[in-house]
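K.L.:
Structure below; questions to follow.
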Amino acid sequence: MTAEFQQSPSPSEVGFALGRRDVLKGAAALGGIAAFSGVLAACGGGDDAGSASGTIRVGSNYSNELPNAGLRAALDSLPNDDLTIELNEVDHNTYQEQIVAYLQDPPDDVAPWFAGFRLQALASQDLLLDISDVWTDGLDDVLSGGFKQASTYEGKQYFVPWTYYSWQVHYRKDVWADLGATPPGTFDELLALCETLDAAGVTPFALGNDGRWPAMGTFDQINFRLNGYQYHVDLMAGDESWTDDRTKAVFTEWAKLLPYTQSEPNGREWNDAAQALVKGEAAMYLIGNFVGSEFPEDEADQLDFFPFPVMNDEHGLDTVEAPIDGWVVVANPDNEAGAKEVVAHLGTALAQDAYLSVDPSVQAPNNNVDTSAYNALQAKSAAAVQGAKNVTQFLDRDTVAAFANEAGQGIADFLAGGDIDAILADLQAKAETIL
Amino acid sequence: MSTGDDQPTISTAETVASSALDAGKAKKKRSQFTGNDRKVFLAMVGIPTFIHVAIVWIPTLLSILLSFTKWRGNDISEIEVTGVENYDVVLLGAFQGDTIQAILNNLWLLLFLFFGPTLLGMGLAYLLDKNLKGTRIYQSLFYTPVVLSLAVVGFIWQNIMYDQNYGLATWAFGGGDRVDWLGNQEFIFSIGNYGLSKNFLAILMAMAWRHTGYIMVLYLAGMKSVDAALRESASLDGCNEWQTFRHVLFPTLKPINVIVVVITVIEALRAYDIIAILNEPRNTELLSHLTTNALIGEGADNIGRGSAYATLLFLLCIGFVLWYVTNHYKKQENTV
């Protein structure tokens, strides 16, 4: 199983602004955008190949080995011999830091990016090409509505979804069977379950918030379960207030879970918290699917998850948090037809299957990908996301990165027992300054 | 040798040679500099000065100018002058809390380094100066951490000392319980909403581990060079141990004291890496973190605010430098 979660979910990979360690590591290694390119001759030669020709440069921040190999495999499967693809590999963190500068004078036609708010932030600055026609010409048929929403800015699509994973409440089947526990359907049932687990001497929730990003996931879940998707998105965009009673309710509900959560989470790393789950010391862990990488190979099949339970019947389970990575076309590509053909290809089951065959740590959005290769958890996560009405990305992908930093600090203060009103007033002041 | 010299001077090749031999005489008259000397002098002073101004002062000035603007850091044409808005936000507005706590942390760090590692290092040096048995072993042990970068010190302490379950500090002081050394942001004592947090103190301890050895070596070198006759005469005059240290040894260590003050202040103001490597636990932020957080990273579209923080840090530094330079040179002049 370990091999199946090769992609290390460091903060920057899950979209955190930038891990401090990575800054230093980056400084220690060679700085700047160290780019080198390889030429991939597109092979294959189907008759239904696109009409475009020429050279397309694809930027890639897939610096890890498996994702990189997967991407090459996917690009190799492009059924158009007339298009030559040059892969321009850029350092992951540097790319994120310099994205706006990069897009203003892009060396590439097609570039990797994140769905949702951070996509919209770029689209609103006219840095991306409207690729709505790619959607109407095919993607609409093979992608569910949540993915389209996450790819859209002001009614136009700018993004082709590529891979994703979801945030869920993970648990161990064997531990739960011993405890006689079953997944709760509502928040009240969850609290009752916590009470039972606590009495049985098991910590109900594991939590490690070192780096201040993991607990953002809990905030997101409670907020969109309680207040709904739209409120969550508006709050992230600065259109709703942190001092609003509805926002405060998120924290008062969350406070009910804190006695049942591992104490002092701020100094614990997420993978140390995962160990508590692996060892059965903690019963549940709300985290991304990448938690599977912490399980020993022979125990991986014990890992399961359930969605964070219903808190408000109006919203039910209509939202899933699933950070989506994908592709954009830069505003003025040298070869527009070719660039559109490449991103359209990356949206196909053919390309995504080619990717998954190399890197099975994530799921692919296309409805027609070969899901028989998925393990049970991948399949369940995929089903949850495909069936969702709304897909959120993650707190730090759903708002301005600078504000996500501040929100992370506010949440850490809350976990340390800070006064909720004071924290929210501070966050609102910062939101007004930054957003 | 001095061809191309159009200034009438009394110098000849001979006098230049002799002045080179006798540095004392060369000082006497300015006119003894030949044209070549002047060129060498200008090059030696001019080139470093030029480089210094170009890579230190010009960026500093630009940074100060940027602190009065709003800019995302992309296109220069997007720079928007906003006056003192950044300072308003940082000192009085939404970020006031962060700024005050960061300045306080810098202050705690400074005070701590003076009253912790400096005194301890001086004490250790005094003991090791006594030629104890195995003194070299002790010296090496205390000095070893100094060769590590503070970032590495951070990793070592995070994993060996401060691991919540198995750390040495947890084992020694935890009484069998788990201790969240680096995550505990509660204040040990507070001044209003601010204070000295427990995790910051934990980090200070890690810094002391390295800084003490540094100070120790400086004082040890100083003490070794003190003339033995001084101590002898002190003991002949009937000084006790403390009196010898206070009135004989310490005054002769004045140059070392100056170096230690400078090093400590610099260390306290420039500290960054150890806290950054530990993911900047809450309430341990220093001014340097507020600066970089606004300048580096995808969210760093606040060149103006980052520059405002940097300017505050700069003012603290320059304040110290001015104080130091005026005092130091005034005293020198007085003693001459």
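Order determines the names: the first chain of the structure tokens is A, the second B, and so forth; residues in each chain are numbered 1 upward, and ligands are numbered 1 upward as they are shown.
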Give me, as a tab-separated table, the closest atom pair and its distance (Å, one decimal) for every residue of chain A within a cut-off of 8 Å of chain B, counting only C-alpha atoms, rows sorted by chain and rising number.
P.N.:
residue	atom	partner	partner_atom	distance
A:Ala17	CA	B:Glu298	CA	6.0
A:Leu18	CA	B:Gly297	CA	5.9
A:Gly19	CA	B:Asn279	CA	7.3
A:Arg20	CA	B:Ala276	CA	5.6
A:Arg21	CA	B:Ile277	CA	5.2
A:Leu24	CA	B:Ile277	CA	7.6
A:Gln96	CA	B:Glu298	CA	5.7
A:Glu97	CA	B:Glu298	CA	3.9
A:Gln98	CA	B:Glu298	CA	6.7
A:Ile99	CA	B:Glu298	CA	7.5
A:Val100	CA	B:Asn74	CA	7.2
A:Ala101	CA	B:Asn74	CA	5.7
A:Asp210	CA	B:Asn279	CA	7.1
A:Gly211	CA	B:Asn279	CA	5.3
A:Glu264	CA	B:Asp180	CA	6.4
A:Pro265	CA	B:Gly183	CA	7.3
A:Asn266	CA	B:Gly183	CA	4.8
A:Gly267	CA	B:Gly183	CA	3.6
A:Arg268	CA	B:Gly183	CA	7.3
A:Val400	CA	B:Gly299	CA	6.5
A:Ala401	CA	B:Gly299	CA	4.1
A:Ala402	CA	B:Gly299	CA	4.1
A:Phe403	CA	B:Gly299	CA	7.7
A:Gln409	CA	B:Arg282	CA	6.9
A:Ala412	CA	B:Arg282	CA	7.4
A:Asp413	CA	B:Arg282	CA	7.6
A:Ala416	CA	B:Gln185	CA	7.0
A:Asp426	CA	B:Ala94	CA	6.8
A:Ala429	CA	B:Ala94	CA	5.1
A:Lys430	CA	B:Ala94	CA	5.3
A:Thr433	CA	B:Ala94	CA	7.0
K.L.:
For the selection you just gave me, I'd like the residues written to a file as a short mmCIF file (atom, residue, chain, number, x, y, z; two decimals), in the first residue's frame, keeping N, CA and C atoms.
P.N.:
data_model
loop_
_atom_site.label_atom_id
_atom_site.label_comp_id
_atom_site.auth_asym_id
_atom_site.auth_seq_id
_atom_site.Cartn_x
_atom_site.Cartn_y
_atom_site.Cartn_z
N ALA A 17 0.30 27.09 1.48
CA ALA A 17 1.03 28.20 0.86
C ALA A 17 2.48 27.80 0.56
N LEU A 18 3.18 27.43 1.60
CA LEU A 18 4.53 26.98 1.36
C LEU A 18 5.09 26.51 2.67
N GLY A 19 5.52 25.27 2.74
CA GLY A 19 6.12 24.76 3.97
C GLY A 19 7.41 25.51 4.21
N ARG A 20 7.62 25.93 5.47
CA ARG A 20 8.86 26.65 5.76
C ARG A 20 10.06 25.78 5.47
N ARG A 21 9.90 24.48 5.77
CA ARG A 21 11.02 23.60 5.54
C ARG A 21 11.38 23.58 4.08
N LEU A 24 13.61 26.40 3.07
CA LEU A 24 15.01 26.20 3.38
C LEU A 24 15.62 25.13 2.49
N GLN A 96 4.78 27.40 -7.82
CA GLN A 96 3.64 27.98 -7.11
C GLN A 96 3.90 29.41 -6.69
N GLU A 97 5.13 29.64 -6.21
CA GLU A 97 5.47 30.99 -5.75
C GLU A 97 5.40 32.00 -6.88
N GLN A 98 5.84 31.57 -8.05
CA GLN A 98 6.03 32.53 -9.12
C GLN A 98 4.96 32.44 -10.19
N ILE A 99 3.82 31.83 -9.84
CA ILE A 99 2.83 31.52 -10.86
C ILE A 99 2.37 32.74 -11.65
N VAL A 100 2.17 33.86 -10.95
CA VAL A 100 1.64 35.02 -11.67
C VAL A 100 2.68 35.57 -12.64
N ALA A 101 3.92 35.65 -12.17
CA ALA A 101 4.99 36.12 -13.04
C ALA A 101 5.16 35.16 -14.22
N ASP A 210 0.70 20.30 13.27
CA ASP A 210 1.97 20.96 13.03
C ASP A 210 1.99 21.47 11.59
N GLY A 211 2.40 22.70 11.42
CA GLY A 211 2.36 23.30 10.09
C GLY A 211 1.05 24.03 9.84
N GLU A 264 -3.49 18.84 22.67
CA GLU A 264 -2.29 19.56 22.20
C GLU A 264 -1.90 19.16 20.78
N PRO A 265 -2.77 19.37 19.82
CA PRO A 265 -2.47 18.93 18.45
C PRO A 265 -1.46 19.82 17.73
N ASN A 266 -1.26 21.05 18.21
CA ASN A 266 -0.47 22.00 17.41
C ASN A 266 0.99 21.60 17.24
N GLY A 267 1.50 20.81 18.18
CA GLY A 267 2.90 20.43 18.07
C GLY A 267 3.09 19.06 17.44
N ARG A 268 1.98 18.42 17.02
CA ARG A 268 2.07 17.07 16.49
C ARG A 268 1.99 17.08 14.97
N VAL A 400 -7.31 33.24 -0.80
CA VAL A 400 -5.98 33.79 -1.09
C VAL A 400 -4.97 33.13 -0.15
N ALA A 401 -3.84 32.74 -0.69
CA ALA A 401 -2.86 32.00 0.10
C ALA A 401 -2.44 32.79 1.35
N ALA A 402 -2.31 34.10 1.22
CA ALA A 402 -1.89 34.91 2.37
C ALA A 402 -2.93 34.83 3.48
N PHE A 403 -4.20 34.83 3.10
CA PHE A 403 -5.22 34.75 4.14
C PHE A 403 -5.30 33.34 4.73
N GLN A 409 -3.47 30.18 11.49
CA GLN A 409 -3.04 30.63 12.82
C GLN A 409 -4.23 30.79 13.75
N ALA A 412 -5.23 27.40 14.87
CA ALA A 412 -4.26 26.89 15.87
C ALA A 412 -4.54 27.54 17.23
N ASP A 413 -4.84 28.82 17.23
CA ASP A 413 -5.16 29.51 18.50
C ASP A 413 -6.41 28.90 19.13
N ALA A 416 -5.65 25.72 20.75
CA ALA A 416 -4.88 25.92 21.98
C ALA A 416 -5.74 26.50 23.08
N ASP A 426 -10.17 38.95 15.14
CA ASP A 426 -8.84 39.12 14.54
C ASP A 426 -8.85 38.64 13.10
N ALA A 429 -10.67 41.05 10.82
CA ALA A 429 -9.84 42.24 10.53
C ALA A 429 -8.81 41.90 9.46
N LYS A 430 -8.22 40.72 9.56
CA LYS A 430 -7.20 40.33 8.58
C LYS A 430 -7.83 40.04 7.22
N THR A 433 -8.37 43.18 5.48
CA THR A 433 -7.12 43.77 4.98
C THR A 433 -6.61 43.04 3.75
#
K.L.:
Within segment 156-293 of chain B, find each residue whose DSSP state, derived from the backbone, is strand (DSSP E or B), and express the selection as a list in words.
P.N.:
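Going through segment 156-293 of chain B, the strand (DSSP E or B) residues come out as Phe187, Ile188, Phe189, Ser190, Ile191, Tyr194, Gly195, Leu196 and Ser197 of chain B.
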K.L.:
Enter the distance from atom CA of Ala344 of chain A to atom CA of Asn366 of chain A, in Å, rounded to one decimal.
P.N.:
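According to the coordinates, atom CA of Ala344 of chain A and atom CA of Asn366 of chain A are separated by 11.5 Å.
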K.L.:
Might you pull out every residue within 10 Å of segment 330-333 of chain A, with only C-alpha atoms counted and same-chain residues fewer than 6 positions away left off, and present them as a VMD selection string?
P.N.:
chain A and resid 56 to 57 102 to 111 123 125 to 130 158 339 to 340
K.L.:
Name the residues in contact with segment 255-260 of chain B at a cut-off of 9 Å, using only C-alpha atoms, excluding same-chain residues fewer than 3 positions from it; report them as a ChimeraX atom specification.
P.N.:
/B:118,215,218-219,221-222,250,252,263-265,328
K.L.:
Using the selection just defined, write its residues with N, CA and C atoms as a compact mmCIF listing (two decimals), in the first residue's frame.
P.N.:
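Saved file again.txt follows:
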# COMPACT_ATOMS: atom_id res chain seq x y z
N THR B 118 25.21 33.96 27.68
CA THR B 118 26.41 34.78 27.85
C THR B 118 27.03 34.56 29.23
N ILE B 215 30.00 31.61 23.04
CA ILE B 215 30.44 32.62 23.99
C ILE B 215 31.62 32.08 24.81
N LEU B 218 34.88 32.31 22.98
CA LEU B 218 35.37 33.69 22.89
C LEU B 218 36.04 34.11 24.19
N TYR B 219 35.35 33.86 25.30
CA TYR B 219 35.92 34.27 26.60
C TYR B 219 37.15 33.45 26.94
N ALA B 221 39.33 32.19 24.92
CA ALA B 221 40.46 32.73 24.17
C ALA B 221 40.95 34.00 24.83
N GLY B 222 40.00 34.84 25.27
CA GLY B 222 40.37 36.10 25.93
C GLY B 222 41.12 35.84 27.22
N PHE B 250 38.01 40.67 34.40
CA PHE B 250 36.91 41.19 33.59
C PHE B 250 37.29 42.47 32.83
N THR B 252 40.14 43.41 31.76
CA THR B 252 41.06 43.14 30.66
C THR B 252 40.35 42.44 29.51
N ILE B 263 27.81 40.37 18.83
CA ILE B 263 27.34 39.08 18.34
C ILE B 263 25.94 38.77 18.86
N THR B 264 25.74 39.03 20.15
CA THR B 264 24.45 38.69 20.75
C THR B 264 23.31 39.51 20.16
N VAL B 265 23.57 40.81 19.99
CA VAL B 265 22.52 41.64 19.42
C VAL B 265 22.21 41.20 17.99
N HIS B 328 31.32 53.53 20.91
CA HIS B 328 32.61 52.87 20.81
C HIS B 328 33.70 53.87 20.44
K.L.:
When you look at Ala69 of chain A with a cut-off of 12 Å (counting only C-alpha atoms), what residues show up, excluding the ones that are within fewer than 6 positions of it in the same chain? I need them as a list in words.
P.N.:
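These residues fall inside the cut-off: Ser60, Tyr62, Ser63, Leu75, Asp76, Leu87, Glu89, Ala354, Tyr355, Leu356, Ser357, Val358, Asp359 and Pro360 of chain A.
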